$ cat work-v2.txt   # compact mmCIF, C-alpha atoms
# COMPACT_ATOMS: atom_id res chain seq x y z
CA MET B 1 9.08 -5.51 48.69
CA LYS B 2 9.81 -4.02 52.12
CA SER B 3 13.53 -4.67 51.79
CA LEU B 4 13.60 -3.09 48.36
CA ILE B 5 11.94 0.06 49.69
CA ASN B 6 14.39 0.15 52.58
CA ARG B 7 17.34 -0.19 50.22
CA LEU B 8 15.98 2.55 47.98
CA THR B 9 15.27 4.96 50.85
CA GLU B 10 18.86 4.64 51.99
CA GLN B 11 20.17 5.88 48.65
CA PHE B 12 17.45 8.12 47.27
CA LYS B 13 14.93 10.61 48.50
CA VAL B 14 11.89 8.39 47.96
CA SER B 15 8.77 7.88 49.98
CA LEU B 16 6.49 4.85 49.93
CA GLU B 17 3.11 5.95 48.68
CA LYS B 18 1.11 2.79 49.02
CA GLN B 19 1.45 -0.94 48.68
CA THR B 20 -1.64 -2.11 46.84
CA LYS B 21 -0.74 -5.79 46.61
CA SER B 22 1.99 -8.04 47.91
CA ASP B 23 3.76 -7.72 44.56
CA LEU B 24 2.93 -4.13 43.62
CA CYS B 25 3.85 -0.91 45.35
CA PHE B 26 4.16 2.71 44.42
CA ILE B 27 6.88 5.11 45.45
CA ARG B 28 7.14 8.85 44.97
CA VAL B 29 10.29 10.60 43.90
CA ASN B 30 11.43 14.04 42.85
CA LYS B 31 11.52 14.99 39.22
CA ASP B 32 15.29 15.43 39.24
CA ASP B 33 16.05 12.16 41.05
CA ALA B 34 13.74 10.06 38.92
CA GLU B 35 16.21 9.17 36.19
CA GLN B 36 18.86 8.06 38.67
CA LEU B 37 16.36 6.00 40.67
CA ILE B 38 14.87 4.27 37.66
CA ARG B 39 18.30 3.56 36.24
CA HIS B 40 19.32 2.07 39.56
CA CYS B 41 16.22 -0.12 39.67
CA ARG B 42 16.88 -1.32 36.16
CA ASP B 43 20.59 -2.04 36.57
CA HIS B 44 20.88 -3.20 40.17
CA GLU B 45 17.42 -4.35 41.30
CA SER B 46 16.46 -6.38 38.17
CA TYR B 47 13.47 -4.19 37.31
CA THR B 48 14.40 -4.64 33.67
CA HIS B 49 10.99 -4.27 32.07
CA LEU B 50 9.11 -1.03 31.52
CA SER B 51 5.41 -1.91 31.58
CA PHE B 52 4.15 1.55 30.75
CA LEU B 53 4.50 5.24 31.29
CA THR B 54 1.33 7.21 31.76
CA ALA B 55 0.13 10.46 33.25
CA ILE B 56 -2.71 11.36 35.60
CA ASP B 57 -4.25 14.80 35.33
CA ARG B 58 -4.96 16.11 38.83
CA ILE B 59 -6.50 19.39 37.89
CA GLU B 60 -7.72 20.09 41.45
CA ASP B 61 -4.12 19.97 42.77
CA ASN B 62 -2.78 21.71 39.66
CA LYS B 63 -0.42 18.78 39.06
CA PHE B 64 0.34 15.98 36.62
CA THR B 65 1.46 12.67 38.08
CA LEU B 66 3.64 10.57 35.83
CA THR B 67 3.59 6.84 36.55
CA TYR B 68 6.46 4.64 35.45
CA LEU B 69 5.60 1.00 36.08
CA LEU B 70 8.62 -1.29 36.20
CA HIS B 71 8.51 -5.07 36.38
CA ASN B 72 10.93 -7.58 37.80
CA TYR B 73 10.89 -10.88 35.92
CA GLN B 74 12.81 -12.76 38.60
CA SER B 75 10.58 -11.98 41.56
CA HIS B 76 7.47 -11.11 39.47
CA GLN B 77 7.04 -7.87 41.35
CA SER B 78 6.06 -4.50 39.98
CA LEU B 79 7.24 -1.13 41.13
CA GLY B 80 5.39 2.07 40.27
CA VAL B 81 7.35 5.30 40.36
CA HIS B 82 5.28 8.46 40.72
CA VAL B 83 6.70 11.80 39.66
CA GLU B 84 4.77 15.00 40.19
CA LEU B 85 4.94 17.78 37.63
CA ASP B 86 3.66 21.29 37.73
CA ARG B 87 0.58 21.55 35.58
CA GLU B 88 1.27 25.03 34.24
CA ASN B 89 4.69 24.15 32.87
CA PRO B 90 4.88 20.35 32.59
CA VAL B 91 8.45 19.45 31.67
CA MET B 92 10.06 16.12 32.49
CA HIS B 93 13.52 14.78 31.75
CA SER B 94 13.50 12.41 28.81
CA LEU B 95 14.32 8.84 29.81
CA HIS B 96 14.53 7.43 26.30
CA ARG B 97 18.10 6.28 26.89
CA LEU B 98 16.90 3.76 29.48
CA TRP B 99 14.40 1.98 27.25
CA GLY B 100 13.90 2.59 23.56
CA GLN B 101 10.13 2.34 23.82
CA MET B 102 10.09 5.18 26.34
CA ALA B 103 10.34 7.61 23.42
CA THR B 104 7.01 6.38 22.07
CA TYR B 105 5.29 6.79 25.44
CA GLN B 106 6.72 10.28 25.74
CA ARG B 107 5.52 11.15 22.27
CA GLU B 108 2.04 10.00 23.21
CA LEU B 109 2.03 12.05 26.42
CA LYS B 110 3.24 15.10 24.52
CA GLU B 111 0.30 14.82 22.18
CA ILE B 112 -2.54 13.99 24.55
CA TYR B 113 -1.43 15.92 27.66
CA GLY B 114 1.07 18.43 26.31
CA ILE B 115 3.86 17.29 28.63
CA GLU B 116 7.28 18.27 27.30
CA PHE B 117 10.21 15.85 27.25
CA PRO B 118 13.13 17.87 25.84
CA GLY B 119 15.53 15.77 23.79
CA SER B 120 13.19 12.84 23.19
CA PRO B 121 13.40 11.61 19.60
CA ARG B 122 10.49 12.42 17.23
CA LEU B 123 8.68 14.10 20.11
CA ASN B 124 6.75 16.55 17.99
CA ASP B 125 5.62 14.07 15.34
CA GLU B 126 1.93 13.31 15.29
CA PHE B 127 1.14 10.21 17.27
CA PHE B 128 -2.51 9.42 16.56
CA LEU B 129 -4.17 12.76 15.95
CA GLU B 130 -3.87 14.40 12.58
CA GLY B 131 -3.96 18.15 12.28
CA TRP B 132 -5.09 18.74 15.87
CA ASP B 133 -5.60 22.46 16.45
CA GLN B 134 -6.99 22.57 20.00
CA ILE B 135 -5.46 22.14 23.45
CA PRO B 136 -4.34 18.54 24.10
CA PRO B 137 -7.51 16.43 24.26
CA MET B 138 -6.95 14.42 27.44
CA ARG B 139 -6.42 17.47 29.63
CA LYS B 140 -9.37 17.88 31.91
CA GLU B 141 -10.06 21.46 30.97
CA PHE B 142 -10.75 20.32 27.40
CA SER B 143 -14.49 19.85 27.12
CA THR B 144 -15.19 17.15 24.57
CA VAL B 145 -18.93 17.81 24.57
CA GLU B 146 -18.53 21.47 23.69
CA PHE B 147 -15.93 20.62 21.07
CA CYS B 148 -18.24 18.02 19.51
CA GLU B 149 -21.17 20.40 19.39
CA GLU B 150 -19.04 22.96 17.63
CA ARG B 151 -17.21 20.65 15.22
CA PHE B 152 -19.48 17.70 14.44
CA PRO B 153 -23.13 18.15 13.50
CA ILE B 154 -25.43 15.76 15.33
CA ARG B 155 -28.56 14.22 13.87
CA GLU B 156 -31.79 15.51 15.36
CA GLY B 157 -33.83 13.26 17.59
CA ARG B 158 -31.18 11.72 19.75
CA GLN B 159 -32.36 11.00 23.31
CA SER B 160 -30.33 10.19 26.36
CA THR B 161 -31.78 9.00 29.63
CA ASP B 162 -30.28 9.07 33.07
CA ALA B 163 -29.30 5.47 33.79
CA LYS B 164 -29.95 5.77 37.51
CA GLN B 165 -33.46 7.15 37.04
CA THR B 166 -34.30 4.56 34.40
CA MET B 167 -33.23 1.74 36.71
CA LYS B 168 -35.24 3.17 39.58
CA VAL B 169 -38.42 4.09 37.71
CA GLU B 170 -38.70 1.67 34.81
CA ILE B 171 -36.67 -1.44 35.45
CA TYR B 172 -36.97 -1.90 39.23
CA PRO B 173 -39.97 0.21 40.31
CA GLY B 174 -40.39 0.36 44.07
CA ARG B 175 -37.19 -1.57 44.73
CA GLY B 176 -34.63 1.24 44.71
CA GLU B 177 -33.39 2.93 47.83
CA MET D 178 -11.09 25.69 -3.85
CA LYS D 179 -12.07 26.20 -7.48
CA ASN D 180 -9.96 27.52 -10.35
CA GLU D 181 -11.47 29.71 -13.04
CA ASP D 182 -11.89 26.83 -15.48
CA ASN D 183 -13.88 24.87 -12.87
CA THR D 184 -11.06 22.53 -11.93
CA PHE D 185 -9.82 21.90 -8.40
CA ALA D 186 -7.11 24.11 -6.96
CA ASN D 187 -5.56 21.21 -4.98
CA ASN D 188 -4.27 23.62 -2.37
CA GLY D 189 -3.34 20.80 0.00
CA LEU D 190 -0.59 19.51 -2.26
CA LEU D 191 3.04 20.55 -2.32
CA PRO D 192 4.14 22.43 -5.48
CA GLU D 193 6.18 19.48 -6.73
CA GLU D 194 3.18 17.16 -6.31
CA MET D 195 0.80 19.28 -8.38
CA ASP D 196 1.62 17.56 -11.66
CA LEU D 197 1.15 14.10 -10.22
CA PHE D 198 -2.59 14.43 -9.56
CA CYS D 199 -5.58 15.15 -11.75
CA ASN D 200 -7.57 18.27 -10.92
CA ALA D 201 -10.65 17.64 -13.06
CA ARG D 202 -14.13 17.51 -11.53
CA PRO D 203 -16.10 14.27 -11.72
CA VAL D 204 -19.24 14.15 -13.84
CA PRO D 205 -22.53 12.45 -12.94
CA TYR D 206 -23.36 9.06 -14.38
CA GLU D 207 -25.98 9.18 -17.11
CA PRO D 208 -28.30 6.15 -17.21
CA TYR D 209 -28.40 4.22 -20.47
CA SER D 210 -30.96 5.67 -22.85
CA ILE D 211 -32.91 2.41 -23.26
CA GLU D 212 -34.67 1.67 -20.00
CA VAL D 213 -34.61 -2.11 -20.33
CA VAL D 214 -30.86 -2.08 -20.79
CA GLU D 215 -30.36 0.08 -17.73
CA LYS D 216 -32.56 -2.31 -15.74
CA PHE D 217 -30.46 -5.20 -16.97
CA PHE D 218 -27.33 -3.33 -15.89
CA ASN D 219 -28.86 -2.75 -12.46
CA TRP D 220 -29.73 -6.43 -12.16
CA MET D 221 -26.13 -7.28 -12.91
CA ARG D 222 -24.82 -4.71 -10.44
CA ALA D 223 -27.11 -6.04 -7.72
CA ASN D 224 -25.82 -9.57 -8.22
CA SER D 225 -22.14 -8.78 -8.16
CA LEU D 226 -21.64 -6.73 -5.01
CA TRP D 227 -17.92 -6.60 -4.44
CA ILE D 228 -16.95 -5.27 -1.05
CA MET D 229 -13.85 -3.26 -0.54
CA ALA D 230 -11.67 -4.98 2.03
CA PHE D 231 -11.08 -1.98 4.22
CA GLY D 232 -12.16 -2.51 7.82
CA THR D 233 -12.80 1.00 9.01
CA GLY D 234 -13.96 0.34 12.55
CA CYS D 235 -14.89 -2.32 15.04
CA GLY D 236 -17.80 -3.38 12.80
CA ALA D 237 -15.38 -4.84 10.29
CA ILE D 238 -15.19 -7.88 12.55
CA GLU D 239 -18.69 -8.80 11.36
CA LEU D 240 -17.47 -9.16 7.80
CA ASN D 241 -15.35 -12.20 8.62
CA PRO D 242 -18.22 -14.48 9.72
CA LEU D 243 -20.25 -13.10 6.85
CA MET D 244 -17.79 -14.44 4.32
CA THR D 245 -17.10 -17.80 5.97
CA SER D 246 -19.14 -20.97 5.67
CA ARG D 247 -21.87 -20.31 8.24
CA PHE D 248 -23.37 -17.26 6.54
CA ASP D 249 -21.55 -17.66 3.23
CA ALA D 250 -22.28 -14.38 1.52
CA ASN D 251 -20.62 -15.64 -1.64
CA ARG D 252 -23.87 -17.37 -2.61
CA TYR D 253 -25.44 -13.92 -3.08
CA GLY D 254 -22.64 -12.68 -5.29
CA ILE D 255 -20.96 -10.79 -2.46
CA GLN D 256 -17.23 -11.06 -2.27
CA VAL D 257 -14.27 -9.10 -1.00
CA ARG D 258 -11.87 -7.31 -3.29
CA PRO D 259 -8.50 -5.97 -2.23
CA THR D 260 -8.48 -2.60 -3.97
CA PRO D 261 -10.95 0.25 -4.42
CA ARG D 262 -10.57 0.00 -8.19
CA GLN D 263 -12.23 -3.43 -8.27
CA SER D 264 -14.96 -2.96 -5.69
CA SER D 265 -18.42 -1.48 -5.79
CA VAL D 266 -19.61 -1.60 -2.17
CA PHE D 267 -17.95 0.20 0.70
CA VAL D 268 -18.99 -1.16 4.10
CA ILE D 269 -18.27 1.45 6.75
CA GLY D 270 -17.78 -0.65 9.86
CA GLY D 271 -19.06 1.46 12.71
CA TYR D 272 -17.41 4.57 14.10
CA SER D 273 -14.90 6.40 12.01
CA SER D 274 -12.37 8.72 13.52
CA VAL D 275 -11.31 11.83 11.68
CA LYS D 276 -8.08 10.14 10.70
CA THR D 277 -9.96 7.18 9.24
CA LEU D 278 -12.46 9.47 7.55
CA LYS D 279 -9.65 10.88 5.45
CA ARG D 280 -8.78 7.37 4.24
CA ILE D 281 -12.46 6.58 3.72
CA ILE D 282 -12.90 9.61 1.48
CA ARG D 283 -9.76 8.78 -0.41
CA SER D 284 -10.82 5.18 -1.00
CA TYR D 285 -14.42 6.10 -1.80
CA GLU D 286 -13.37 8.56 -4.46
CA GLN D 287 -10.99 6.03 -5.98
CA MET D 288 -13.75 3.46 -6.39
CA GLN D 289 -15.17 3.16 -9.88
CA GLY D 290 -18.81 4.00 -10.30
CA PRO D 291 -21.45 2.79 -9.78
CA LYS D 292 -20.56 2.57 -6.11
CA PHE D 293 -22.65 2.02 -3.03
CA VAL D 294 -22.09 2.69 0.66
CA LEU D 295 -23.43 0.48 3.41
CA ALA D 296 -23.17 2.12 6.82
CA LEU D 297 -22.95 -0.40 9.61
CA GLY D 298 -23.77 0.30 13.24
CA ILE D 299 -25.34 3.12 15.20
CA CYS D 300 -22.15 5.19 15.21
CA THR D 301 -22.53 6.07 11.56
CA ILE D 302 -26.08 7.31 12.17
CA ASN D 303 -25.82 9.59 15.20
CA GLY D 304 -22.50 8.87 16.89
CA GLY D 305 -23.70 6.00 19.05
CA MET D 306 -21.71 5.53 22.19
CA TYR D 307 -19.08 7.90 20.84
CA TRP D 308 -21.49 10.84 20.73
CA ASP D 309 -19.15 13.01 22.84
CA SER D 310 -15.83 11.75 21.52
CA TYR D 311 -13.46 14.40 20.25
CA ASN D 312 -12.14 12.46 17.30
CA THR D 313 -15.02 10.53 15.79
CA ILE D 314 -17.52 11.98 13.37
CA LYS D 315 -21.17 11.82 14.37
CA ARG D 316 -23.03 11.35 11.13
CA LEU D 317 -21.47 9.84 8.09
CA ASP D 318 -23.89 11.22 5.52
CA HIS D 319 -22.36 14.67 5.91
CA TYR D 320 -19.12 13.39 4.43
CA ILE D 321 -19.99 10.66 1.95
CA PRO D 322 -23.41 9.63 0.63
CA VAL D 323 -24.91 6.57 2.31
CA ASP D 324 -27.32 4.18 0.58
CA VAL D 325 -28.32 1.79 3.36
CA TYR D 326 -27.95 2.07 7.11
CA ILE D 327 -27.88 -0.96 9.38
CA THR D 328 -28.34 -0.01 12.99
CA GLY D 329 -27.23 -1.93 16.04
CA CYS D 330 -24.14 -2.15 18.17
CA MET D 331 -22.94 -4.46 16.75
CA PRO D 332 -25.38 -5.69 14.10
CA ARG D 333 -25.20 -9.44 13.70
CA PRO D 334 -24.19 -10.92 10.33
CA GLU D 335 -27.89 -11.67 9.73
CA ALA D 336 -28.63 -7.96 9.98
CA LEU D 337 -25.75 -7.26 7.65
CA LEU D 338 -27.15 -9.78 5.16
CA SER D 339 -30.57 -8.16 5.32
CA GLY D 340 -28.87 -4.84 4.69
CA PHE D 341 -27.32 -6.32 1.58
CA PHE D 342 -30.76 -7.54 0.44
CA GLU D 343 -32.14 -4.04 0.94
CA LEU D 344 -29.23 -2.67 -1.05
CA LYS D 345 -29.95 -5.17 -3.82
CA ARG D 346 -33.61 -4.16 -3.86
CA LYS D 347 -32.69 -0.50 -4.09
CA ILE D 348 -30.15 -1.10 -6.86
CA LYS D 349 -32.67 -3.11 -8.89
CA ALA D 350 -35.23 -0.35 -8.43
CA GLY D 351 -32.67 2.20 -9.59
CA GLU D 352 -32.74 4.16 -6.31
CA CYS D 353 -29.07 3.97 -5.44
CA ASP D 354 -27.84 7.28 -6.75
CA GLY D 355 -25.30 7.93 -4.01
CA ALA D 356 -22.39 8.47 -6.38
CA ASN D 357 -24.42 10.96 -8.40
CA ARG D 358 -25.52 12.79 -5.26
CA TYR D 359 -21.89 13.03 -4.27
CA VAL D 360 -20.89 14.50 -7.61
CA LYS D 361 -23.78 16.94 -7.78
CA ASN D 362 -23.31 18.24 -4.21
CA LEU D 363 -19.55 17.90 -4.26
CA ASP D 364 -18.88 21.41 -2.92
CA TRP D 365 -21.12 20.83 0.10
CA TYR D 366 -19.45 17.49 0.84
CA LYS D 367 -15.98 18.99 0.41
CA ASP D 368 -16.84 21.87 2.76
CA ASN D 369 -18.00 19.41 5.42
CA GLN D 370 -14.95 17.22 4.95
CA LYS D 371 -12.50 20.10 5.18
CA ARG D 372 -14.23 21.40 8.28
CA VAL D 373 -13.18 18.30 10.24
CA ILE D 374 -10.04 17.19 8.38
CA LYS D 375 -7.58 19.90 9.25
CA LYS D 376 -4.55 18.29 7.68
CA TRP D 377 -5.68 18.02 4.08
CA ASP D 378 -2.55 16.81 2.30
CA MET D 379 -4.20 15.08 -0.62
CA PRO D 380 -5.82 16.28 -3.86
CA ASP D 381 -9.31 17.72 -3.61
CA TYR D 382 -10.72 14.78 -5.55
CA ASN D 383 -8.81 11.50 -5.53
CA TRP D 384 -9.19 10.11 -9.01

$ encode --input "work-v2.txt" --output "structure tokens"
Amino acid sequence: MKSLINRLTEQFKVSLEKQTKSDLCFIRVNKDDAEQLIRHCRDHESYTHLSFLTAIDRIEDNKFTLTYLLHNYQSHQSLGVHVELDRENPVMHSLHRLWGQMATYQRELKEIYGIEFPGSPRLNDEFFLEGWDQIPPMRKEFSTVEFCEERFPIREGRQSTDAKQTMKVEIYPGRGE
Amino acid sequence: MKNEDNTFANNGLLPEEMDLFCNARPVPYEPYSIEVVEKFFNWMRANSLWIMAFGTGCGAIELNPLMTSRFDANRYGIQVRPTPRQSSVFVIGGYSSVKTLKRIIRSYEQMQGPKFVLALGICTINGGMYWDSYNTIKRLDHYIPVDVYITGCMPRPEALLSGFFELKRKIKAGECDGANRYVKNLDWYKDNQKRVIKKWDMPDYNW
């Protein structure tokens, strides 16, 4: 994978983020260079398969990180491409022309994170929520517990115990740290 | 929700769909005037429990071993029917998301009475492991009436069978009045349903 990274750094403004395994590494690229880089990987480096596109909500850095995971069937190596987006105004270029299934991933991210992909087909159709009227549910500022208490009545008498305390006190008394 | 002549307003439908759906209110089932005959009817109902083949959650996986040769629920008169019109028992298999709840209500209302609901798993009772999930309901009996609960996560097919025996006992004793409760408290159920189902694009009662 070293040679691939070297080849890519010659042509694009990329930086190696980390190599987690011998056949998997992650690189970081600008939002505007991402389409060119991914197209290059697909057409010239045999990374022909899109494994997934997902987003990570880094609320403490005020950023979203998009992860495109590409796979090479010849060398059985995977390449993750990280793209950082501003959390206040998350807009990313639509890459649905590279892979048809990208449109579905983008539709999903639009619904659960509110990330915009202008020009992506059927972007505003409902993906799995019906009639959702709150902020996108996977954003970290969305409190599911508060939402549940307000929307769904709960039967009286439900108890929850702290798993750590139960282990320490009831299951392994005197053996915890 | 109601028109002046006590029919449904069907506000969720488009104007061109209004004529396609009935807007009448359902009426409660009156037991047969001779008690012995009604008991005989109940005995027959208890021995021909036809499940609707609609797997609404992960618990639906327990229905497959129930119907195959090891547990063989057919020997108790339990079998699976493909449409709500032919079935009398609705097995809610575990959690139901809001999206599924809409389909559950639709199918439940389309079932012919007398109809019974068997709620499977802890999720239908108090939310279970999905107690803080944003898109699953926490207690099913706010939305449709439930006759028998079977707790567990997941309940084994044996537990499911014992739930069916309990349902049979209740039917024979004439205690399963879920459909009548639904009709009598229909406004309360509809309020609860519309509070969680924001995209209500079906008639108020699905005949």

$ closest_atom_pairs --input "work-v2.txt" --of "chain D" --to "chain B" --cutoff "6 Å" --atoms "all atoms listed in the file" --output "Markdown table"
| residue | atom | partner | partner_atom | distance |
| --- | --- | --- | --- | --- |
| D:Asn303 | CA | B:Arg155 | CA | 5.5 |
| D:Asp309 | CA | B:Val145 | CA | 5.1 |
| D:Tyr311 | CA | B:Thr144 | CA | 5.4 |
| D:Lys315 | CA | B:Ile154 | CA | 5.9 |
| D:Lys375 | CA | B:Gly131 | CA | 5.0 |
| D:Lys376 | CA | B:Gly131 | CA | 4.6 |

$ residues_near_point --input "work-v2.txt" --point "(-19.3, 19.1, 6.0)" --cutoff "12 Å" --atoms "all atoms listed in the file" --output "VMD selection string"
(chain B and resid 151 to 154) or (chain D and resid 278 314 to 322 362 to 374)

$ atom_distance --input "work-v2.txt" --atom1 "atom CA of Pro291 of chain D" --atom2 "atom CA of Cys235 of chain D"
26.2 Å

$ atom_distance --input "work-v2.txt" --atom1 "atom CA of Val83 of chain B" --atom2 "atom CA of Arg122 of chain B"
22.8 Å

$ closest_residue --input "work-v2.txt" --among "B:Leu98, B:Ile135, B:Leu66, B:Cys41" --to "Arg28 of chain B" --atoms "only C-alpha atoms"
B:Leu66

$ closest_residue --input "work-v2.txt" --among "B:Leu95, B:Val29, B:Ile115, B:Met102" --to "Ala55 of chain B" --atoms "all atoms listed in the file"
B:Ile115

$ atom_distance --input "work-v2.txt" --atom1 "atom CA of Asn62 of chain B" --atom2 "atom CA of Glu88 of chain B"
7.5 Å

$ closest_residue --input "work-v2.txt" --among "D:Val275, D:Gln287, D:Ile282, D:Lys216" --to "Arg262 of chain D" --atoms "all atoms listed in the file"
D:Gln287

$ residues_around --input "work-v2.txt" --residues "Gly271 of chain D" --least-positions-apart "3" --cutoff "8 Å" --atoms "all atoms listed in the file" --output "tab-separated table (two decimals) with C-alpha atoms, in the frame of the given file"
chain	number	residue	atom	x	y	z
D	233	THR	CA	-12.80	1.00	9.01
D	234	GLY	CA	-13.96	0.34	12.55
D	235	CYS	CA	-14.89	-2.32	15.04
D	236	GLY	CA	-17.80	-3.38	12.80
D	237	ALA	CA	-15.38	-4.84	10.29
D	296	ALA	CA	-23.17	2.12	6.82
D	297	LEU	CA	-22.95	-0.40	9.61
D	298	GLY	CA	-23.77	0.30	13.24
D	299	ILE	CA	-25.34	3.12	15.20
D	300	CYS	CA	-22.15	5.19	15.21
D	301	THR	CA	-22.53	6.07	11.56
